[in-house]
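Novice: My structure is in start.tsv, and what it holds is TSV, C-alpha atoms:
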```tsv
chain	number	residue	atom	x	y	z
A	21	MET	CA	64.12	94.47	126.23
A	22	ASP	CA	63.86	97.56	124.02
A	23	ARG	CA	62.07	97.42	120.71
A	24	ASP	CA	64.85	98.23	118.30
A	25	HIS	CA	67.43	95.61	119.18
A	26	GLY	CA	65.89	93.95	122.20
A	27	VAL	CA	65.31	90.65	120.49
A	28	ARG	CA	68.86	90.52	119.10
A	29	ASP	CA	70.34	91.34	122.49
A	30	ALA	CA	68.16	88.76	124.25
A	31	LEU	CA	69.12	86.08	121.74
A	32	ALA	CA	72.82	86.87	122.07
A	33	ARG	CA	72.64	86.71	125.86
A	34	LEU	CA	70.67	83.49	125.74
A	35	LEU	CA	73.14	81.78	123.41
A	36	MET	CA	76.01	82.92	125.58
A	37	ALA	CA	74.28	81.50	128.66
A	38	LEU	CA	73.93	78.16	126.86
A	39	GLY	CA	77.67	78.11	126.14
A	40	PRO	CA	78.43	75.32	128.65
A	41	LEU	CA	76.14	72.98	126.68
A	42	ASN	CA	78.60	73.13	123.77
A	43	LEU	CA	75.84	73.12	121.20
A	44	GLY	CA	76.74	72.50	117.57
A	45	ALA	CA	76.11	75.16	114.95
A	46	GLU	CA	72.80	73.72	113.82
A	47	GLU	CA	71.62	73.29	117.40
A	48	ARG	CA	72.51	76.90	118.14
A	49	ASN	CA	70.55	77.97	115.11
A	50	THR	CA	67.57	75.93	116.26
A	51	VAL	CA	67.56	77.78	119.57
A	52	GLU	CA	68.10	81.16	117.97
A	53	LEU	CA	65.50	80.72	115.26
A	54	VAL	CA	62.74	79.36	117.51
A	55	LEU	CA	63.33	82.00	120.17
A	56	ALA	CA	63.54	84.77	117.56
A	57	GLU	CA	60.11	83.79	116.29
A	58	VAL	CA	58.66	83.53	119.81
A	59	LEU	CA	60.10	86.87	120.91
A	60	ASN	CA	59.11	88.64	117.68
A	61	ASN	CA	55.60	87.36	118.20
A	62	ILE	CA	55.51	88.69	121.75
A	63	LEU	CA	56.74	92.07	120.54
A	64	GLU	CA	54.13	92.24	117.84
A	65	HIS	CA	51.11	90.85	119.62
A	66	ALA	CA	51.56	90.76	123.36
A	67	TYR	CA	53.20	94.16	123.58
A	68	PRO	CA	51.98	96.04	120.49
A	69	GLY	CA	52.53	99.74	119.93
A	70	ILE	CA	55.48	102.00	120.44
A	71	GLY	CA	55.74	102.27	124.19
A	72	PRO	CA	58.28	100.54	126.42
A	73	LEU	CA	57.96	96.81	126.70
A	74	GLY	CA	56.95	94.75	129.63
A	75	THR	CA	59.04	91.95	130.98
A	76	VAL	CA	59.79	88.76	129.11
A	77	ARG	CA	61.26	85.91	131.10
A	78	ILE	CA	62.95	82.98	129.41
A	79	SER	CA	63.91	79.86	131.28
A	80	VAL	CA	65.83	76.95	129.82
A	81	GLU	CA	66.26	73.59	131.48
A	82	ALA	CA	68.42	70.87	130.00
A	83	ARG	CA	66.84	67.47	130.50
A	84	SER	CA	67.44	64.06	129.01
A	85	ASN	CA	64.97	64.63	126.19
A	86	GLY	CA	66.18	68.08	125.24
A	87	LEU	CA	65.99	71.71	126.24
A	88	HIS	CA	62.75	72.63	127.97
A	89	ILE	CA	62.08	76.30	127.37
A	90	SER	CA	59.45	78.51	128.97
A	91	VAL	CA	58.79	82.05	127.83
A	92	LEU	CA	56.63	84.24	130.03
A	93	ASP	CA	55.30	87.70	129.28
A	94	ASP	CA	52.76	90.03	130.86
A	95	GLY	CA	51.24	91.17	127.61
A	96	ALA	CA	47.91	90.77	125.90
A	97	PRO	CA	46.60	87.21	125.63
A	98	MET	CA	46.67	85.19	122.43
A	99	PRO	CA	43.47	85.48	120.41
A	100	ASP	CA	41.10	82.59	121.10
A	101	GLY	CA	43.35	81.54	123.96
A	102	GLN	CA	45.56	79.39	121.78
A	103	ALA	CA	48.77	79.61	119.81
A	104	PRO	CA	48.50	79.70	116.01
A	105	LEU	CA	48.74	76.35	114.26
A	106	GLY	CA	51.31	77.60	111.79
A	107	THR	CA	50.27	75.19	109.08
A	108	ALA	CA	52.52	74.88	106.05
A	109	GLN	CA	51.52	77.16	103.23
A	110	ASP	CA	50.93	76.09	99.66
A	111	LEU	CA	53.53	77.84	97.54
A	112	ASN	CA	52.35	76.45	94.22
A	113	MET	CA	51.23	79.77	92.83
A	114	ALA	CA	52.40	82.67	90.68
A	115	ILE	CA	55.08	84.88	92.22
A	116	PRO	CA	52.80	87.89	92.80
A	117	ASP	CA	50.56	85.71	94.99
A	118	LEU	CA	53.28	84.28	97.24
A	119	PRO	CA	52.81	84.78	100.98
A	120	GLU	CA	55.24	87.09	102.77
A	121	GLY	CA	54.18	86.10	106.25
A	122	GLY	CA	52.85	83.27	108.31
A	123	PHE	CA	56.15	81.43	108.48
A	124	GLY	CA	56.94	82.20	112.11
A	125	TRP	CA	54.58	79.80	113.83
A	126	PHE	CA	55.26	77.19	111.17
A	127	LEU	CA	58.95	77.31	112.08
A	128	ILE	CA	58.22	77.18	115.81
A	129	ARG	CA	55.97	74.15	115.47
A	130	ASP	CA	58.27	72.45	112.97
A	131	LEU	CA	61.42	72.82	115.06
A	132	ALA	CA	59.99	72.52	118.58
A	133	LYS	CA	58.06	69.77	120.26
A	134	ASP	CA	55.37	69.87	122.92
A	135	VAL	CA	54.47	73.47	122.16
A	136	GLN	CA	51.94	74.60	124.71
A	137	TYR	CA	50.43	77.99	125.42
A	138	ARG	CA	48.68	78.85	128.64
A	139	ARG	CA	47.30	82.00	130.14
A	140	VAL	CA	48.18	81.87	133.82
A	141	ALA	CA	47.31	84.62	136.30
A	142	GLY	CA	47.57	87.46	133.80
A	143	HIS	CA	50.70	86.08	132.16
A	144	ASN	CA	51.23	84.37	128.85
A	145	GLN	CA	53.29	81.20	129.20
A	146	LEU	CA	54.65	79.40	126.17
A	147	ASP	CA	56.37	76.09	126.83
A	148	LEU	CA	58.24	74.07	124.26
A	149	ARG	CA	60.99	71.49	123.96
A	150	LEU	CA	63.90	71.45	121.56
A	151	ALA	CA	65.21	67.93	120.98
A	152	ILE	CA	68.84	69.03	121.08
A	153	ALA	CA	71.73	68.81	123.52
A	154	LEU	CA	70.66	65.24	124.13
A	155	PRO	CA	72.92	63.20	126.38
A	156	ARG	CA	74.92	60.79	124.27
A	157	ASN	CA	74.84	57.07	125.02
A	158	HIS	CA	78.28	55.60	124.57
B	27	MET	CA	71.44	98.06	105.90
B	28	LYS	CA	74.59	98.03	103.83
B	29	ILE	CA	74.09	96.71	100.33
B	30	SER	CA	76.83	97.06	97.74
B	31	THR	CA	76.02	97.11	94.06
B	32	ARG	CA	78.09	96.16	91.07
B	33	THR	CA	77.24	95.35	87.49
B	34	GLU	CA	78.91	92.73	85.32
B	35	GLY	CA	77.53	92.90	81.82
B	36	ASP	CA	73.80	92.27	81.96
B	37	ILE	CA	73.90	91.21	85.56
B	38	CYS	CA	73.56	93.24	88.72
B	39	ILE	CA	75.10	91.79	91.86
B	40	LEU	CA	73.67	93.06	95.13
B	41	CYS	CA	75.81	92.04	98.07
B	42	VAL	CA	74.10	92.23	101.46
B	43	GLU	CA	76.83	93.41	103.84
B	44	GLU	CA	74.99	92.60	107.03
B	45	ALA	CA	74.99	89.47	109.16
B	46	ARG	CA	71.26	89.41	109.89
B	47	ILE	CA	68.07	89.91	107.92
B	48	ASP	CA	65.59	89.69	110.76
B	49	ALA	CA	62.65	91.53	112.31
B	50	ALA	CA	64.94	94.42	113.27
B	51	SER	CA	66.38	94.87	109.78
B	52	ALA	CA	63.77	93.46	107.38
B	53	LEU	CA	62.28	96.83	106.48
B	54	ALA	CA	65.66	98.45	105.89
B	55	PHE	CA	66.66	95.44	103.81
B	56	LYS	CA	63.58	95.71	101.60
B	57	GLU	CA	64.07	99.43	101.12
B	58	GLY	CA	67.78	99.06	100.45
B	59	VAL	CA	67.38	96.32	97.86
B	60	ARG	CA	64.49	98.07	96.16
B	61	SER	CA	66.45	101.24	95.60
B	62	ALA	CA	69.60	99.32	94.59
B	63	ALA	CA	67.61	97.26	92.07
B	64	ALA	CA	65.67	100.20	90.66
B	65	GLU	CA	68.07	100.84	87.79
B	66	ALA	CA	69.39	97.29	87.56
B	67	PRO	CA	69.59	95.23	84.39
B	68	PRO	CA	67.11	92.36	83.96
B	69	MET	CA	69.17	89.82	85.97
B	70	VAL	CA	69.80	90.45	89.65
B	71	ILE	CA	71.89	88.23	91.89
B	72	LEU	CA	71.37	88.73	95.61
B	73	ASP	CA	74.67	87.74	97.22
B	74	LEU	CA	73.92	86.52	100.74
B	75	GLN	CA	77.36	85.17	101.68
B	76	GLN	CA	77.70	87.55	104.62
B	77	VAL	CA	74.25	86.80	106.01
B	78	THR	CA	74.48	84.26	108.80
B	79	PHE	CA	70.95	84.52	110.17
B	80	ILE	CA	67.46	85.15	108.86
B	81	ASP	CA	64.14	84.67	110.63
B	82	SER	CA	60.62	84.57	109.16
B	83	SER	CA	60.67	88.36	108.79
B	84	GLY	CA	63.86	88.12	106.77
B	85	LEU	CA	62.40	85.39	104.60
B	86	GLY	CA	59.27	87.46	104.05
B	87	ALA	CA	61.38	90.44	103.05
B	88	ILE	CA	63.25	88.36	100.46
B	89	VAL	CA	59.92	87.10	99.09
B	90	ALA	CA	58.72	90.71	98.92
B	91	ILE	CA	61.80	91.58	96.87
B	92	LEU	CA	61.10	88.69	94.48
B	93	LYS	CA	57.54	89.94	94.05
B	94	HIS	CA	58.73	93.51	93.62
B	95	VAL	CA	61.21	92.81	90.80
B	96	THR	CA	58.99	90.32	88.96
B	97	PRO	CA	58.30	90.33	86.04
B	98	ASP	CA	60.69	93.07	84.90
B	99	ARG	CA	63.72	91.38	86.42
B	100	LYS	CA	64.81	87.88	87.34
B	101	LEU	CA	66.16	87.44	90.85
B	102	VAL	CA	68.45	84.65	91.98
B	103	LEU	CA	70.05	84.10	95.37
B	104	ALA	CA	73.67	83.10	95.87
B	105	GLY	CA	75.93	82.05	98.71
B	106	LEU	CA	73.34	80.99	101.25
B	107	THR	CA	75.00	80.07	104.55
B	108	PRO	CA	73.72	76.93	106.33
B	109	ALA	CA	71.35	78.74	108.70
B	110	VAL	CA	69.80	80.70	105.83
B	111	GLN	CA	69.59	77.64	103.57
B	112	ARG	CA	67.83	75.87	106.40
B	113	VAL	CA	65.03	78.43	106.64
B	114	PHE	CA	64.46	78.21	102.88
B	115	GLU	CA	64.33	74.39	103.02
B	116	LEU	CA	62.07	74.17	106.07
B	117	THR	CA	59.53	76.52	104.49
B	118	ARG	CA	60.01	74.93	101.04
B	119	MET	CA	60.95	78.32	99.66
B	120	ASP	CA	63.99	76.58	98.17
B	121	LYS	CA	61.58	75.36	95.47
B	122	VAL	CA	60.41	78.90	94.72
B	123	PHE	CA	63.77	80.65	94.39
B	124	ALA	CA	66.73	79.88	92.17
B	125	LEU	CA	69.49	79.23	94.72
B	126	PHE	CA	73.21	78.99	93.97
B	127	PRO	CA	75.80	77.86	96.51
B	128	THR	CA	78.31	80.46	95.40
B	129	LEU	CA	78.36	83.73	93.52
B	130	ASP	CA	80.56	82.11	90.85
B	131	ALA	CA	77.97	79.37	90.33
B	132	ALA	CA	75.28	82.01	89.88
B	133	LEU	CA	77.40	84.01	87.46
B	134	GLY	CA	78.26	80.86	85.55
B	135	THR	CA	74.63	79.91	85.05
B	136	CYS	CA	73.27	83.42	84.57
B	137	GLY	CA	75.86	84.10	81.89
B	138	ALA	CA	78.14	86.94	82.90
```
Any chance you could give the structure as structure tokens?
Specialist:
Amino acid sequence: MDRDHGVRDALARLLMALGPLNLGAEERNTVELVLAEVLNNILEHAYPGIGPLGTVRISVEARSNGLHISVLDDGAPMPDGQAPLGTAQDLNMAIPDLPEGGFGWFLIRDLAKDVQYRRVAGHNQLDLRLAIALPRNH
Amino acid sequence: MKISTRTEGDICILCVEEARIDAASALAFKEGVRSAAAEAPPMVILDLQQVTFIDSSGLGAIVAILKHVTPDRKLVLAGLTPAVQRVFELTRMDKVFALFPTLDAALGTCGA
């Protein structure tokens, strides 16, 4: 994954790989948005700087309660050993004081369930579940 | 980042001619809009009809633009596609910005 368009390429390949699931437009956007935020975060924090990136491995498993996604990287650990809470920000303020950041983890935690970060044998592992592509009961 | 500019009376319409405002393009977007809006009249419509994806970086860049033009200019957003509208609603930024479903709706309200 290269820095300039690596995330875009990874997202495109991921969505293509999920083609057989026949996800609806909103479901596709859920996958793309959550993974964009996760990958951008890895780029910025796990692999900071301008050098080549390490490996990022994404696995997706479709189960009865949604898509179980694991993202592994070999980069620097999360500060304090935990993923940011991404709490909603108060926007009731004058325009010049509005936040321009801090939305990424909010979106991840709002759209995904069971978000869990672990540091395992020198790797970062982020697990989450998207409640989409659920088997329909007829 | 391709942004086209046209003026209709007291209104400047900036059309973002890119599909994505994301981490890869947020900086170029900010720079492009800033220079396009530099000589703009007091009302600026950001036409986002061609944008089919934004992430938190894209949202942050649009907020930065709002902060940059305020208070000299008013900024409204038009033509948000479903995925873009969704990010604004999830983050409650739809309460901060004036959003119009179409460019015509924006022009109608902003008085072209």
Novice: What are the residues of chain B that have an atom within 10 Å of an atom of chain A, counting all atoms listed in the file, as a short mmCIF file (atom, residue, chain, number, x, y, z; two decimals) with C-alpha atoms, in the frame of the given file?
Specialist:
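Done, and the output landed in part.cif:
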```cif
data_model
loop_
_atom_site.label_atom_id
_atom_site.label_comp_id
_atom_site.auth_asym_id
_atom_site.auth_seq_id
_atom_site.Cartn_x
_atom_site.Cartn_y
_atom_site.Cartn_z
CA ARG B 46 71.26 89.41 109.89
CA ASP B 48 65.59 89.69 110.76
CA ALA B 49 62.65 91.53 112.31
CA ALA B 50 64.94 94.42 113.27
CA SER B 51 66.38 94.87 109.78
CA THR B 78 74.48 84.26 108.80
CA PHE B 79 70.95 84.52 110.17
CA ILE B 80 67.46 85.15 108.86
CA ASP B 81 64.14 84.67 110.63
CA SER B 82 60.62 84.57 109.16
CA SER B 83 60.67 88.36 108.79
CA GLY B 84 63.86 88.12 106.77
CA LEU B 85 62.40 85.39 104.60
CA GLY B 86 59.27 87.46 104.05
CA ALA B 87 61.38 90.44 103.05
CA ILE B 88 63.25 88.36 100.46
CA VAL B 89 59.92 87.10 99.09
CA ALA B 90 58.72 90.71 98.92
CA ILE B 91 61.80 91.58 96.87
CA LEU B 92 61.10 88.69 94.48
CA LYS B 93 57.54 89.94 94.05
CA HIS B 94 58.73 93.51 93.62
CA VAL B 95 61.21 92.81 90.80
CA THR B 96 58.99 90.32 88.96
CA PRO B 97 58.30 90.33 86.04
CA PRO B 108 73.72 76.93 106.33
CA ALA B 109 71.35 78.74 108.70
CA VAL B 110 69.80 80.70 105.83
CA ARG B 112 67.83 75.87 106.40
CA VAL B 113 65.03 78.43 106.64
CA LEU B 116 62.07 74.17 106.07
CA THR B 117 59.53 76.52 104.49
CA ARG B 118 60.01 74.93 101.04
CA MET B 119 60.95 78.32 99.66
CA LYS B 121 61.58 75.36 95.47
CA VAL B 122 60.41 78.90 94.72
CA PHE B 123 63.77 80.65 94.39
#
```
Novice: How many Å separate CA of Leu87 in chain A from CA of Val77 in chain B?
Specialist: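 Between CA of Leu87 in chain A and CA of Val77 in chain B the gap works out to 26.6 Å.
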Novice: Residues around (51.9, 75.8, 113.0), cut-off 7 Å, counting all atoms listed in the file - what are they as number ranges by chain?
Specialist: A: 104-107, 125-126, 129
Novice: Counting only C-alpha atoms, which residue out of B:Leu40, B:Ile71, B:Leu101, B:Met27 sits closest to Ala131 in chain B?
Specialist: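 The shortest atom-to-atom distance to Ala131 in chain B comes from B:Ile71.
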Novice: Got a sec: who's within 8 Å of Ala96 in chain A, counting all atoms listed in the file, leaving out chain neighbours fewer than 4 positions off, as a VMD selection string?
Specialist: chain A and resid 65 to 67 144
Novice: Counting all atoms listed in the file, which of B:Pro127, B:Gly35, B:Gly137, B:Gly105 gets nearest to Ala66 in chain B?
Specialist: B:Gly35
Novice: Let me make sure I understand: among B:Leu129, B:Gln76, B:Lys28, B:Pro67, which one has the smallest atom-to-atom distance to Ala54 in chain B if we use only C-alpha atoms?
Specialist: B:Lys28
Novice: Using all atoms listed in the file, pick whichever of B:Ile29, B:Cys136, B:Cys38, B:Ala104 has the shortest atom-to-atom distance to Leu74 in chain B.
Specialist: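 Of B:Ile29, B:Cys136, B:Cys38, B:Ala104, the one nearest Leu74 in chain B is B:Ala104, counting all atoms listed in the file.
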Novice: Determine, counting all atoms listed in the file, which protein, DNA and RNA residues have an atom within 6 Å of an atom of Ile39 in chain B; residues of the same chain fewer than 2 positions away are not included. Present the result as a list of chain:residue names.
Specialist: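 What passes the distance filter is B:Thr31, B:Arg32, B:Val70, B:Ile71.
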Novice: CA of Val58 in chain A and CA of Leu35 in chain A, how far apart in Å?
Specialist: 15.0 Å
Novice: Determine the nearest neighbour of Thr33 in chain B from the options B:Glu115, B:Glu65, B:Phe55, B:Ile47, counting all atoms listed in the file.
Specialist: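 That would be B:Glu65, the residue with the smallest distance to Thr33 in chain B.
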Novice: Which value, in Å to one decimal, gives the distance between CA of Ala52 in chain B and CA of Lys100 in chain B?
Specialist: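 Rounded to one decimal, the two atoms are 20.8 Å apart.
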Novice: If we count all atoms listed in the file and set the cut-off at 8 Å, which residues sit around Gly74 in chain A, ignoring sequence neighbours fewer than 4 positions away in its own chain? Please answer as a list in words.
Specialist: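 Non-adjacent residues within range: Met21, Tyr67, Asp93, Asp94 and Gly95 of chain A.
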Novice: For Pro155 in chain A, list every protein, DNA or RNA residue within 9 Å, evaluated using only C-alpha atoms, and leave out those in the same chain fewer than 6 positions away; present the list as a PyMOL selection string.
Specialist: chain A and resi 83-86
Novice: Rank B:Ile37, B:Ala132, B:Leu125, B:Val42 by their smallest atom-to-atom distance to Gln75 in chain B, using all atoms listed in the file, and report the top residue only.
Specialist: B:Val42
